[in-house]
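Below is one structure, written out as structure tokens, with a few remarks after it.
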Amino acid sequence: MTLPIAVLVSGSGSNLQSIIDRIGEGVLDAEIKLVVSNKAEAFGLERAKAHNIPCKVLTHTDYPSREAFDQAMVEAIVEAGVGAEGVVAMAGFMRIVTPVFLNAFRNRVVNIHPALLPSFPGVHGQSDAAEYGVKISGCTVHFVDEQMDHGPIIVQAAVPCQAGEDGDVLGPRILKLEHRIYPQAIQWIAENRLEIKDRHVELKVSGKPCAGQPRADIDPATYALVWPPLEEGF
Ligand code: GRF
């Protein structure tokens with residue numbers, strides 16, 4: 001069954017675009033029933049309109065509380081045809097959601113974060129990591145729980161960082177990988193291949209070939225990304 005999804009945006013919506021593109025290519029078996037933005041000027045809305053995807057602006061400042069805003073989002077999303085069997089994908093959505101929202105879509109809300117969680121949560125993940133001087137950063141797709149950037153992790157991608165780089169340099173490198181791992185994570189949900197066991201998300205192996213990546217059924221002891229690369233003898 002094609003997975004009904006809603007996508008929440010606040011800004012550019014390039015992750016929304018990657019989801020739209022993978023659906024268009026037939027690799028992501030999902031249908032975006034609604035794009036919700038809390039900002040009327042979000043470019044993500046233009047992307048949705050260009051593909052005839054229904055969109056709705058819900059301005060959080062119009063509501064007396066976080067819960068009232070979340071309730072309005074739940075109603076709009078359910079009305080659009082995304083229920084407990086669907087998925088809500090937060091894609092650059094700059095709001096923390098409350099239990100009102102999470103209880104309506106229990107274990108079906110996902111988020112993408114531009115750092116390797118649990119390091120560098122918050123709104124400046126890329127620049128915080130760059131300033132800290134890490135050698136590897138990346139991005140994380142995770143299920144959303146009550147705490148910010150905290151829920152069980154579905155997939156992470158690592159990118160190398162070079163001395164002297166700032167968030168402006170590192171951010172786009174991470175974003176390219178965001179655009180690959182987010183649609184993949186949603187497709188795993190569409191295929192019903194993820195099982196959450198406390199903090200651990202298990203991916204059921206399908207035997208599908210993986211392009212240039214270690215397969216999920218390869219012994220992880222035989223694979224590691226090490227950066228800077230190890231030299232001979234180590
Ligand atoms: C991405 O880096 C995402 O990880 C973060 O906000 C940014 C949104 O980018 N949560 P876009 O709106 O998808 O282009």
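Ordered as shown in the structure tokens, chains take letters A, B, and onward, while each chain numbers its residues from 1 and ligands are numbered from 1 in the order shown.
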
Item to check | Near-ligand residues for ligand 1, threshold 9 Å, only C-alpha atoms and all ligand atoms, as an MDAnalysis selection string | outcome: chainID A and resid 9:18 42:44 90:94 111:115 122:126 139:141 171:172 174:175 178:179

Could those selected residues go to a file with N, CA, C and O atoms, as a CSV table (one decimal), in the first residue's frame?
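And here is the file that came out, part35.csv:
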```csv
chain,number,residue,atom,x,y,z
A,9,VAL,N,7.1,21.8,7.1
A,9,VAL,CA,8.3,22.6,6.8
A,9,VAL,C,8.1,24.0,7.5
A,9,VAL,O,7.1,24.4,7.9
A,10,SER,N,9.3,24.7,7.5
A,10,SER,CA,9.3,26.1,7.9
A,10,SER,C,10.1,26.9,7.0
A,10,SER,O,10.0,28.2,7.1
A,11,GLY,N,10.8,26.3,6.1
A,11,GLY,CA,11.8,27.1,5.3
A,11,GLY,C,11.9,26.6,3.9
A,11,GLY,O,10.9,26.3,3.2
A,12,SER,N,13.2,26.4,3.4
A,12,SER,CA,13.5,26.1,2.0
A,12,SER,C,12.8,24.9,1.5
A,12,SER,O,12.4,24.8,0.3
A,13,GLY,N,12.7,23.8,2.3
A,13,GLY,CA,12.0,22.6,1.9
A,13,GLY,C,12.8,21.8,0.9
A,13,GLY,O,12.2,21.0,0.1
A,14,SER,N,14.2,21.8,1.0
A,14,SER,CA,14.9,21.0,0.1
A,14,SER,C,14.8,19.5,0.4
A,14,SER,O,14.8,18.6,-0.5
A,15,ASN,N,14.6,19.2,1.7
A,15,ASN,CA,14.3,17.8,2.0
A,15,ASN,C,12.9,17.4,1.5
A,15,ASN,O,12.7,16.2,1.1
A,16,LEU,N,11.9,18.3,1.6
A,16,LEU,CA,10.6,18.0,1.0
A,16,LEU,C,10.8,17.7,-0.5
A,16,LEU,O,10.3,16.7,-1.1
A,17,GLN,N,11.7,18.5,-1.2
A,17,GLN,CA,11.9,18.3,-2.6
A,17,GLN,C,12.5,16.9,-2.9
A,17,GLN,O,12.2,16.2,-3.8
A,18,SER,N,13.4,16.5,-2.0
A,18,SER,CA,14.0,15.1,-2.2
A,18,SER,C,13.0,14.0,-2.1
A,18,SER,O,13.0,13.0,-2.8
A,42,ALA,N,7.5,30.4,3.6
A,42,ALA,CA,8.4,29.2,3.4
A,42,ALA,C,8.4,28.8,1.9
A,42,ALA,O,7.4,28.6,1.3
A,43,PHE,N,9.6,28.7,1.4
A,43,PHE,CA,9.7,28.3,0.0
A,43,PHE,C,9.2,26.8,-0.2
A,43,PHE,O,8.8,26.5,-1.3
A,44,GLY,N,9.2,26.1,0.8
A,44,GLY,CA,8.7,24.7,0.7
A,44,GLY,C,7.3,24.7,0.2
A,44,GLY,O,6.9,23.8,-0.5
A,90,MET,N,8.9,15.6,9.6
A,90,MET,CA,9.3,17.0,9.8
A,90,MET,C,10.6,17.3,9.0
A,90,MET,O,11.6,16.5,9.1
A,91,ALA,N,10.5,18.3,8.2
A,91,ALA,CA,11.6,18.6,7.2
A,91,ALA,C,12.0,20.0,7.4
A,91,ALA,O,11.5,20.9,6.6
A,92,GLY,N,12.9,20.3,8.3
A,92,GLY,CA,13.2,21.7,8.6
A,92,GLY,C,12.1,22.4,9.2
A,92,GLY,O,11.9,23.7,9.0
A,93,PHE,N,11.3,21.7,10.0
A,93,PHE,CA,10.2,22.3,10.7
A,93,PHE,C,10.7,22.8,12.1
A,93,PHE,O,11.1,22.0,12.9
A,94,MET,N,10.6,24.1,12.3
A,94,MET,CA,11.3,24.7,13.5
A,94,MET,C,10.4,24.8,14.7
A,94,MET,O,10.4,25.9,15.3
A,111,ASN,N,12.0,12.8,11.9
A,111,ASN,CA,12.6,14.1,11.8
A,111,ASN,C,14.0,13.9,11.2
A,111,ASN,O,14.6,12.8,11.3
A,112,ILE,N,14.5,14.9,10.5
A,112,ILE,CA,15.9,14.8,10.1
A,112,ILE,C,16.7,15.9,10.8
A,112,ILE,O,16.2,17.1,10.9
A,113,HIS,N,17.9,15.6,11.3
A,113,HIS,CA,18.7,16.5,12.0
A,113,HIS,C,20.1,16.6,11.4
A,113,HIS,O,20.7,15.5,11.1
A,114,PRO,N,20.7,17.8,11.2
A,114,PRO,CA,21.9,17.9,10.5
A,114,PRO,C,23.2,17.7,11.4
A,114,PRO,O,24.1,18.5,11.3
A,115,ALA,N,23.2,16.7,12.2
A,115,ALA,CA,24.4,16.3,13.0
A,115,ALA,C,24.2,14.9,13.4
A,115,ALA,O,23.1,14.3,13.2
A,122,GLY,N,19.6,20.7,18.4
A,122,GLY,CA,19.3,22.1,18.4
A,122,GLY,C,19.4,22.6,17.0
A,122,GLY,O,19.6,21.9,16.0
A,123,VAL,N,19.2,23.9,16.8
A,123,VAL,CA,19.0,24.5,15.5
A,123,VAL,C,20.2,24.8,14.7
A,123,VAL,O,20.2,25.1,13.6
A,124,HIS,N,21.4,24.7,15.4
A,124,HIS,CA,22.7,25.0,14.7
A,124,HIS,C,23.6,23.8,14.7
A,124,HIS,O,24.8,23.9,14.9
A,125,GLY,N,23.0,22.7,14.4
A,125,GLY,CA,23.8,21.4,14.4
A,125,GLY,C,25.1,21.5,13.6
A,125,GLY,O,26.2,21.0,14.0
A,126,GLN,N,25.0,22.0,12.3
A,126,GLN,CA,26.1,22.0,11.4
A,126,GLN,C,27.2,22.9,12.0
A,126,GLN,O,28.4,22.5,12.0
A,139,CYS,N,24.4,13.5,9.5
A,139,CYS,CA,23.0,13.7,9.7
A,139,CYS,C,22.3,12.4,10.2
A,139,CYS,O,22.8,11.3,10.0
A,140,THR,N,21.1,12.7,10.8
A,140,THR,CA,20.4,11.6,11.5
A,140,THR,C,18.9,11.7,11.2
A,140,THR,O,18.3,12.8,11.3
A,141,VAL,N,18.3,10.6,10.8
A,141,VAL,CA,16.9,10.5,10.7
A,141,VAL,C,16.4,9.7,12.0
A,141,VAL,O,17.0,8.6,12.2
A,171,GLY,N,27.6,22.5,6.1
A,171,GLY,CA,26.2,22.4,6.0
A,171,GLY,C,25.7,21.8,4.7
A,171,GLY,O,25.0,20.8,4.6
A,172,PRO,N,26.2,22.3,3.5
A,172,PRO,CA,25.7,21.8,2.2
A,172,PRO,C,26.2,20.4,2.0
A,172,PRO,O,25.5,19.6,1.4
A,174,ILE,N,26.5,18.1,4.3
A,174,ILE,CA,25.6,17.3,5.1
A,174,ILE,C,24.3,17.2,4.4
A,174,ILE,O,23.6,16.1,4.3
A,175,LEU,N,23.8,18.4,3.9
A,175,LEU,CA,22.5,18.4,3.3
A,175,LEU,C,22.3,17.4,2.1
A,175,LEU,O,21.3,16.8,1.9
A,178,GLU,N,21.5,14.3,3.6
A,178,GLU,CA,20.1,14.4,4.1
A,178,GLU,C,19.1,13.9,3.0
A,178,GLU,O,18.2,13.2,3.3
A,179,HIS,N,19.4,14.5,1.8
A,179,HIS,CA,18.5,14.2,0.7
A,179,HIS,C,18.5,12.8,0.3
A,179,HIS,O,17.5,12.3,-0.4
```

Checklist entry - Can you list every residue in segment 44-225 of chain A that DSSP puts in strand (DSSP E), as JSON, numbers by chain? => result {"A": [55, 56, 57, 87, 88, 89, 90, 109, 110, 111, 112, 113, 136, 137, 138, 139, 140, 141, 142, 143, 153, 154, 155, 156, 157, 158, 159, 160, 194, 195, 196, 197, 200, 201, 202, 203]}

Checklist entry - What does the distance between atom CA of Val226 of chain A and atom CA of Ala163 of chain A come to in Å, to one decimal place? => result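 Those two atoms sit 15.8 Å apart.
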
Checklist entry - What is the distance between atom CA of Leu170 of chain A and atom CA of Ser127 of chain A, in Å to one decimal? => result 7.6 Å

Item to check | All helix (DSSP H, G or I) positions in segment 183-213 of chain A, as a count of residues only | outcome: 8

Next on the checklist: Could you tell me how far atom CA of Pro54 of chain A sits from atom CA of Ile32 of chain A, in Å to one decimal place?
Outcome noted: 8.3 Å

Checklist entry - So which one's closest to Leu194 of chain A, A:Ile20, A:Ala130, A:Ile153, A:Leu28? Using only C-alpha atoms, please. => result A:Ile153

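Look at Asn107 of chain A: the protein and nucleic acid residues within 10 Å of it, using only C-alpha atoms and passing over chain neighbours fewer than 3 places away, are A:Ala84, A:Glu85, A:Val87, A:Val88, A:Leu102, A:Asn103, A:Ala104, A:Val110, A:Phe143, A:Val144, A:Asp145, A:Gly151, A:Pro152, A:Ile196.
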
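Counting only C-alpha atoms and comparing A:Lys33, A:Lys135, A:Lys39, A:His51, the residue that lies closest to Pro229 of chain A is A:Lys135.
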
Next on the checklist: Considering only C-alpha atoms, can you say which of A:Leu203, A:Leu230, A:Ile77, A:Ile96 comes closest to Gln187 of chain A?
Outcome noted: A:Leu203

Checklist entry - Excluding same-chain residues fewer than 3 positions from Val82 of chain A, what lies within 12 Å of it counting only C-alpha atoms, as a PyMOL selection string? => result chain A and resi 2-7+30-35+73-79+85-89+104-105+108-109

Next on the checklist: At a cut-off of 8 Å, using only C-alpha atoms, what residues contact Ala158 of chain A? Leave out same-chain residues fewer than 6 positions from it and give the result as a PyMOL selection string.
Outcome noted: chain A and resi 116+136-139+225

Checklist entry - From the set A:Val36, A:Leu117, A:Val27, A:Ala48, which residue has the shortest atom-to-atom contact distance to Ala80 of chain A, counting only C-alpha atoms? => result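 When distances to Ala80 of chain A are compared using only C-alpha atoms, the smallest one comes from A:Val36.
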